[in-house]
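Below is one structure, written out as structure tokens; the observations come after it.
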Amino acid sequence: MTGDNIRVRIAPSPSGFLHVGTARTAIFNWLFARHNNGKFIIRIEDTDPTRSKPELIQPIFDSLKWLGLDWDEEPWYQSKRMQNYMPYIDKLLEKGMAYRCFCTNEELDAARKKAMAEKKPVGYSGKCRDLSENEIKDCLDAGKTCAIRLKIYEGETSYEDMLLGNITRQNTEIEDFVICRGDGRAVYNLAVVVDDHEMGITHVIRGNDHISNTFKQIHIYNALDIKPPRFAHVPLILQKDRKKLSKRRGAKDVAEYGQEGILPEALFNFLCLLGWSPKDDREFLSRDELIKIFELKNVSASNPIFDEEKLLALNAEYIRTTPDYRLAELAAPLLVKAGYTSRYWLETRWDYLLKVIALLKERCRRMTDFIKLGGYFFHADYEYDAGAAEKQFTPESKNYLFRLKESFEKIDNFSKESLEEALNEIAESQDIKRAKLIHPTRLAVSGLSGGPGLFDILETIGKDQTLNRLDRAIKYIEKNS
């Protein structure tokens with residue numbers, strides 16, 4: 001399927017930040033548009049003033065941009081289109097496909113409670129469906145407010161889902177639902193139909209929790225004599241307990257993953273694989289390749305599980321393959337935020353930062369790991385790993401550290417090779433294994449029991465820092481022996 005006429009949209013509501021489920025749906029729409037040379041559009045669904053928060057609109061845009069999603073037109077805002085909906089509502093009233101409902105909320109609540117008590121279906125009774133013109137006029141003259149309901153007729157409704165095939169529902173499963181509130185504001189399903197029609201949307205790709213809405217919207221399309229777009233309902237993302245991934249259950253939004261050190265390329269790639277497959281064993285896929293191979297037919301009907309460990313493994317792979325200079329650009333503000341250094345210090349020692357990045361990148365699963373695992377490259381005020389200190393910082397190791405410090409002081413060319421040679425000489429002279437020297441030295445200069453090669457660390461931090469840190473460790477041992 002190709003063609004410039006393909007138009008898809010993502011329609012987030014600014015009632016919260018960009019959820020990863022919405023982000024995954026946005027990615028599917030974006031890939032579908034790019035693969036088919038179509039258009040990807042954003043619509044902000046902010047018709048509900050009680051839930052919509054204008055201050056969250058820009059963060060939604062920022063998260064989409066961070067993921068690498070671009071859009072082809074200026075965003076649409078439902079709140080600016082309220083006047084566009086009334087002509088369609090009037091048309092439905094004129095055609096007799098909709099009617100005014102004067103039932104109060106109290107009456108509707110009482111009817112629902114009665115139906116539940118009698119174990120009958122809970123739905124609108126149709127009380128106002130057949131009001132005469134005079135009855136309607138009397139209610140309006142009396143100043144009664146009214147909602148507008150769509151008439152649902154007997155029979156069944158079917159549509160062909162691009163992913164799920166033919167789906168049929170009995171019309172009795174749908175009550176005469178409200179399309180316009182008493183305050184004159186169009187309800188979600190009516191607004192969506194009008195917007196998608198006026199935006200020229202050809203394909204609606206969204207979560208399968210919208211299937212019930214799809215049937216309501218098809219009824220509206222049919223009542224308005226408008227051809228519906230094609231629908232594709234993708235599987236929902238589940239947590240490990242197989243419950244729907246949601247913010248209420250601790251699911252993070254896109255911005256949080258960025259703050260926790262996930263690369264946008266990794267999250268993009270990972271979300272693509274939640275419910276979609278390239279039909280081979282590949283998981284590490286570039287954006288350009290995904291555009292080339294993405295097809296809706298490869299979306300599975302089963303609900304995928306959000307496995308954060310898998311995301312971290314993929315993120316680690318992206319970190320390993322990302323150029324050091326870009327990792328340095330991303331790590332620099334994290335180091336400044338952690339208080340380990342300043343922006344000026346980094347700008348004047350960029351080669352140093354690049355060397356640190358090269359030493360650590362194979363060990364990092366998050367960008368924040370560069371801070372967690374490499375803070376000692378930028379400050380010496382670290383605490384020693386308690387378990388390692390108890391094991392490695394002994395009176396015996398104090399003597400070894402002292403001998404190393406004396407030996408290192410004599411080295412002019414402070415290189416990996418010369419440092420390793422000096423350590424080997426001490427190990428031979430003392431008739432001990434190298435590990436007896438390496439482990440306490442590593443702890444002394446980094447505070448950690450693991451990390452990059454010891455001699456890489458020593459060469460990188462330099463002679464002065466090495467000697468100062470060895471001296472600090474010696475004093476620590478003396479104090480705590």
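Every chain in the structure tokens takes a letter, A first, then B, and so on in the order presented; its residues are numbered from 1, and the ligands are numbered from 1 following the presented order.
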
Next item on the list: Please run DSSP on the backbone and report, as a list in words, all residues within stretch 220-267 of chain A that come out as alpha helix (DSSP H).
Entry: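 In stretch 220-267 of chain A, DSSP puts these residues in alpha helix (DSSP H): Ile220, Tyr221, Asn222, Ala223, Val254, Ala255, Glu256, Tyr257, Gly258, Gln259, Pro264, Glu265, Ala266 and Leu267 of chain A.
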
Notebook entry, point to check: Pick from A:Val204, A:Leu263, A:Ile371, A:Leu274: nearest to A:Arg9, with only C-alpha atoms counted?
Noted result: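 Comparing A:Val204, A:Leu263, A:Ile371, A:Leu274 against A:Arg9, the winner is A:Val204.
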
Next item on the list: Among the residues of stretch 170-414 of chain A, find those DSSP assigns to strand (DSSP E) from the backbone and print them as a list in words.
Entry: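 Restricting stretch 170-414 of chain A to strand (DSSP E) produces Gln170, Val178, Ile179, Cys180, His203, Val204, Ile205, Arg206, Gly207, Arg230, Phe231, Ala232, His233 and Val234 of chain A.
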
Let me see the file: selected residues, C-alpha atoms, as a short mmCIF file (atom, residue, chain, number, x, y, z; two decimals), in the first residue's frame.
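Output contents, as saved in part_19.cif:
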data_model
loop_
_atom_site.label_atom_id
_atom_site.label_comp_id
_atom_site.auth_asym_id
_atom_site.auth_seq_id
_atom_site.Cartn_x
_atom_site.Cartn_y
_atom_site.Cartn_z
CA GLN A 170 -25.13 -6.47 18.06
CA VAL A 178 -24.63 11.12 24.24
CA ILE A 179 -22.86 13.02 21.45
CA CYS A 180 -23.30 16.52 22.93
CA HIS A 203 -6.32 5.12 8.70
CA VAL A 204 -6.92 5.10 12.44
CA ILE A 205 -4.27 3.01 14.22
CA ARG A 206 -4.86 2.82 17.97
CA GLY A 207 -5.06 0.48 20.96
CA ARG A 230 -9.88 2.13 7.91
CA PHE A 231 -9.30 0.94 11.47
CA ALA A 232 -6.41 -1.06 12.93
CA HIS A 233 -6.46 -1.90 16.62
CA VAL A 234 -3.08 -2.81 18.03
#

Next item on the list: Using only C-alpha atoms, determine which residues lie at most 8 Å from stretch 50-58 of chain A, disregarding the query and same-chain residues fewer than 2 positions distant; provide the list as a list of chain:residue names.
Entry: A:Ser13, A:Pro14, A:Ser15, A:Gly16, A:Phe17, A:Ile44, A:Asp46, A:Thr47, A:Asp48, A:Ile60, A:Phe61, A:Asp62

Could those residues be written to a file, using C-alpha atoms, as a PDB file, in the first residue's frame?
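See part37.pdb below for the written result:
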ATOM      1  CA  SER A  13      -4.947  14.063  25.693  1.00  0.00           C
ATOM      2  CA  PRO A  14      -3.029  16.597  27.841  1.00  0.00           C
ATOM      3  CA  SER A  15      -4.354  15.083  31.040  1.00  0.00           C
ATOM      4  CA  GLY A  16      -0.898  13.607  31.755  1.00  0.00           C
ATOM      5  CA  PHE A  17       2.570  13.215  30.293  1.00  0.00           C
ATOM      6  CA  ILE A  44      -4.459  17.407  20.880  1.00  0.00           C
ATOM      7  CA  ASP A  46      -8.382  18.798  24.984  1.00  0.00           C
ATOM      8  CA  THR A  47     -12.162  19.128  24.899  1.00  0.00           C
ATOM      9  CA  ASP A  48     -12.568  18.260  28.587  1.00  0.00           C
ATOM     10  CA  ILE A  60       4.012  15.888  25.006  1.00  0.00           C
ATOM     11  CA  PHE A  61       5.509  17.560  21.939  1.00  0.00           C
ATOM     12  CA  ASP A  62       8.971  17.445  23.541  1.00  0.00           C
TER      13      ASP A  62
END

Near stretch 195-201 of chain A, within 9 Å and counting only C-alpha atoms, which residues show up once chain neighbours fewer than 2 positions away are dropped, as a PDB file with C-alpha atoms, in the first residue's frame?
ATOM      1  CA  ASN A   5      -3.165  10.324   0.242  1.00  0.00           C
ATOM      2  CA  ILE A   6      -2.477   8.238   3.364  1.00  0.00           C
ATOM      3  CA  ARG A   7      -2.994  10.351   6.457  1.00  0.00           C
ATOM      4  CA  VAL A   8      -2.715   9.091  10.031  1.00  0.00           C
ATOM      5  CA  ARG A   9      -2.758  10.816  13.379  1.00  0.00           C
ATOM      6  CA  ILE A  41      -0.392  14.491  12.100  1.00  0.00           C
ATOM      7  CA  ARG A  43      -4.223  16.275  17.265  1.00  0.00           C
ATOM      8  CA  TRP A  76      -4.754  20.401  15.560  1.00  0.00           C
ATOM      9  CA  GLN A  78      -9.960  20.125  19.586  1.00  0.00           C
ATOM     10  CA  ARG A  81     -12.706  23.538  17.032  1.00  0.00           C
ATOM     11  CA  ASN A  84     -16.978  22.927  14.018  1.00  0.00           C
ATOM     12  CA  TYR A  85     -18.998  20.206  15.720  1.00  0.00           C
ATOM     13  CA  LEU A 190     -18.601  12.859  17.950  1.00  0.00           C
ATOM     14  CA  ALA A 191     -15.549  15.144  18.039  1.00  0.00           C
ATOM     15  CA  VAL A 192     -13.259  12.321  16.894  1.00  0.00           C
ATOM     16  CA  VAL A 193     -15.479  11.518  13.910  1.00  0.00           C
ATOM     17  CA  HIS A 203      -6.323   5.118   8.701  1.00  0.00           C
ATOM     18  CA  VAL A 204      -6.923   5.095  12.441  1.00  0.00           C
ATOM     19  CA  ILE A 226     -19.593   9.806   5.777  1.00  0.00           C
ATOM     20  CA  LYS A 227     -17.220   7.028   4.756  1.00  0.00           C
ATOM     21  CA  PRO A 228     -15.234   5.864   7.812  1.00  0.00           C
ATOM     22  CA  PRO A 229     -11.450   5.562   7.725  1.00  0.00           C
ATOM     23  CA  ARG A 230      -9.878   2.134   7.915  1.00  0.00           C
TER      24      ARG A 230
END

Checklist line | Neighbour list for A:Val445 as a list in words, cut-off 10 Å, only C-alpha atoms, skip fewer than 3 positions in-chain | finding: Tyr376, Phe377, Ala380, Tyr382, Tyr384, Pro440, Thr441, Arg442, Leu448, Leu454, Ile457, Leu458, Ile461, Gln465, Thr466, Leu467, Asn468, Arg469, Leu470, Asp471, Arg472 and Ala473 of chain A

Go ahead and write the residues just picked, N, CA and C atoms, as a compact mmCIF listing (two decimals), in the first residue's frame.
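What follows is the written file again-v9.txt:
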# COMPACT_ATOMS: atom_id res chain seq x y z
N TYR A 376 34.22 8.72 40.07
CA TYR A 376 35.57 8.89 40.63
C TYR A 376 36.55 9.48 39.63
N PHE A 377 36.20 9.48 38.34
CA PHE A 377 37.07 10.12 37.35
C PHE A 377 37.02 11.64 37.48
N ALA A 380 37.41 13.03 43.92
CA ALA A 380 38.07 12.04 44.79
C ALA A 380 37.40 11.91 46.14
N TYR A 382 34.96 10.27 47.33
CA TYR A 382 34.05 9.12 47.28
C TYR A 382 34.25 8.26 48.52
N TYR A 384 34.47 4.41 50.11
CA TYR A 384 34.89 3.10 49.66
C TYR A 384 33.76 2.09 49.82
N PRO A 440 43.37 -3.89 46.05
CA PRO A 440 43.35 -2.73 46.95
C PRO A 440 43.67 -1.42 46.23
N THR A 441 44.49 -1.50 45.19
CA THR A 441 44.81 -0.28 44.44
C THR A 441 43.57 0.23 43.72
N ARG A 442 42.83 -0.68 43.09
CA ARG A 442 41.59 -0.28 42.41
C ARG A 442 40.63 0.38 43.39
N LEU A 448 35.62 1.60 44.25
CA LEU A 448 34.84 0.46 43.78
C LEU A 448 35.70 -0.78 43.67
N LEU A 454 42.61 -1.54 35.58
CA LEU A 454 43.23 -0.66 36.58
C LEU A 454 44.22 0.31 35.96
N ILE A 457 42.66 3.18 34.29
CA ILE A 457 42.18 4.17 35.25
C ILE A 457 43.33 5.06 35.72
N LEU A 458 44.44 4.43 36.10
CA LEU A 458 45.59 5.19 36.62
C LEU A 458 46.13 6.16 35.59
N ILE A 461 43.45 9.16 35.19
CA ILE A 461 43.36 10.17 36.26
C ILE A 461 44.69 10.89 36.48
N GLN A 465 46.71 12.65 40.91
CA GLN A 465 45.51 12.08 41.50
C GLN A 465 45.78 10.67 42.03
N THR A 466 46.55 9.89 41.28
CA THR A 466 46.86 8.52 41.72
C THR A 466 47.59 8.54 43.06
N LEU A 467 48.61 9.36 43.16
CA LEU A 467 49.39 9.42 44.39
C LEU A 467 48.55 9.93 45.56
N ASN A 468 47.73 10.94 45.31
CA ASN A 468 46.87 11.49 46.37
C ASN A 468 45.87 10.45 46.87
N ARG A 469 45.34 9.67 45.94
CA ARG A 469 44.33 8.68 46.32
C ARG A 469 44.95 7.49 47.04
N LEU A 470 46.15 7.12 46.63
CA LEU A 470 46.85 6.06 47.35
C LEU A 470 47.15 6.51 48.78
N ASP A 471 47.57 7.75 48.91
CA ASP A 471 47.87 8.29 50.24
C ASP A 471 46.60 8.34 51.10
N ARG A 472 45.51 8.72 50.50
CA ARG A 472 44.23 8.77 51.22
C ARG A 472 43.83 7.38 51.71
N ALA A 473 44.03 6.36 50.87
CA ALA A 473 43.66 5.00 51.25
C ALA A 473 44.56 4.49 52.38

Notebook entry, point to check: What's the 10 Å shell around A:Ile237, counting only C-alpha atoms, without same-chain residues fewer than 6 positions away, as a PyMOL selection string?
Noted result: chain A and resi 20-21+24+207+243-246+271+274-275+302-306

Next item on the list: Give the answer as one residue: which of A:Ala23, A:Leu64, A:Ala389, A:Leu314 has the shortest atom-to-atom distance to A:Asn480, using only C-alpha atoms?
Entry: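 For A:Asn480, the nearest of the candidates is A:Ala389.
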
Go through stretch 197-263 of chain A and flag each residue having an atom no more than 12 Å from stretch 333-354 of chain A; for those, report the closest pair of atoms plus their distance in Å to one decimal, using only C-alpha atoms, ordered by chain and rising number, as a tab-separated table.
residue	atom	partner	partner_atom	distance
A:Gly258	CA	A:Leu334	CA	11.6
A:Gln259	CA	A:Leu334	CA	9.4
A:Glu260	CA	A:Leu334	CA	10.3
A:Gly261	CA	A:Leu334	CA	9.4

Next item on the list: Identify, on the basis of only C-alpha atoms, every residue whose closest approach to A:His35 does not exceed 12 Å; exclude the query and any residue fewer than 3 positions from it along the same chain; express the result as JSON, numbers by chain.
Entry: {"A": [1, 2, 3, 4, 6, 7, 27, 28, 29, 30, 31, 32, 38, 39, 40, 287, 288, 289, 290, 291, 292, 293, 294, 295, 296]}

For the selection just defined, write its residues with C-alpha atoms to a file, as a PDB file, in the first residue's frame.
ATOM      1  CA  MET A   1       0.000   0.000   0.000  1.00  0.00           C
ATOM      2  CA  THR A   2       1.502   3.297  -1.080  1.00  0.00           C
ATOM      3  CA  GLY A   3       0.236   6.744  -1.875  1.00  0.00           C
ATOM      4  CA  ASP A   4       0.475  10.376  -0.917  1.00  0.00           C
ATOM      5  CA  ILE A   6      -2.477   8.238   3.364  1.00  0.00           C
ATOM      6  CA  ARG A   7      -2.994  10.351   6.457  1.00  0.00           C
ATOM      7  CA  ILE A  27       5.523   5.211  16.566  1.00  0.00           C
ATOM      8  CA  PHE A  28       3.309   2.708  14.718  1.00  0.00           C
ATOM      9  CA  ASN A  29       1.408   5.560  13.061  1.00  0.00           C
ATOM     10  CA  TRP A  30       4.619   7.410  12.201  1.00  0.00           C
ATOM     11  CA  LEU A  31       6.254   4.327  10.701  1.00  0.00           C
ATOM     12  CA  PHE A  32       3.095   3.499   8.737  1.00  0.00           C
ATOM     13  CA  GLY A  38       1.940   9.421   3.806  1.00  0.00           C
ATOM     14  CA  LYS A  39       1.330  12.138   6.382  1.00  0.00           C
ATOM     15  CA  PHE A  40       1.635  11.922  10.160  1.00  0.00           C
ATOM     16  CA  ARG A 287      15.094   3.916  12.422  1.00  0.00           C
ATOM     17  CA  ASP A 288      15.710   3.956   8.655  1.00  0.00           C
ATOM     18  CA  GLU A 289      15.486   0.180   8.508  1.00  0.00           C
ATOM     19  CA  LEU A 290      12.262   0.199  10.516  1.00  0.00           C
ATOM     20  CA  ILE A 291      10.721   2.675   8.086  1.00  0.00           C
ATOM     21  CA  LYS A 292      11.711   0.403   5.212  1.00  0.00           C
ATOM     22  CA  ILE A 293      10.303  -2.840   6.620  1.00  0.00           C
ATOM     23  CA  PHE A 294       7.371  -1.738   8.804  1.00  0.00           C
ATOM     24  CA  GLU A 295       4.041  -3.268   7.809  1.00  0.00           C
ATOM     25  CA  LEU A 296       0.874  -3.448   9.853  1.00  0.00           C
TER      26      LEU A 296
END

Check: In Å, with one decimal, what is the gap from atom CA of A:Ala186 to atom CA of A:Lys151?
Finding: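 Separation of atom CA of A:Ala186 and atom CA of A:Lys151: 15.9 Å.
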
Check: What gap, in Å, lies between atom CA of A:Leu164 and atom CA of A:Lys216?
Finding: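 Computed distance, atom CA of A:Leu164 to atom CA of A:Lys216, equals 17.7 Å.
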
Next item on the list: Grab the atom CA of A:Thr22 to atom CA of A:Lys279 distance for me, in Å with one decimal place.
Entry: 23.6 Å

Item checked: Nearest to A:Thr394 by atom-to-atom distance, counting only C-alpha atoms, from A:Ile42, A:Val122, A:Ile477, A:Ile220 ->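 Using only C-alpha atoms, the shortest distance to A:Thr394 belongs to A:Ile477.
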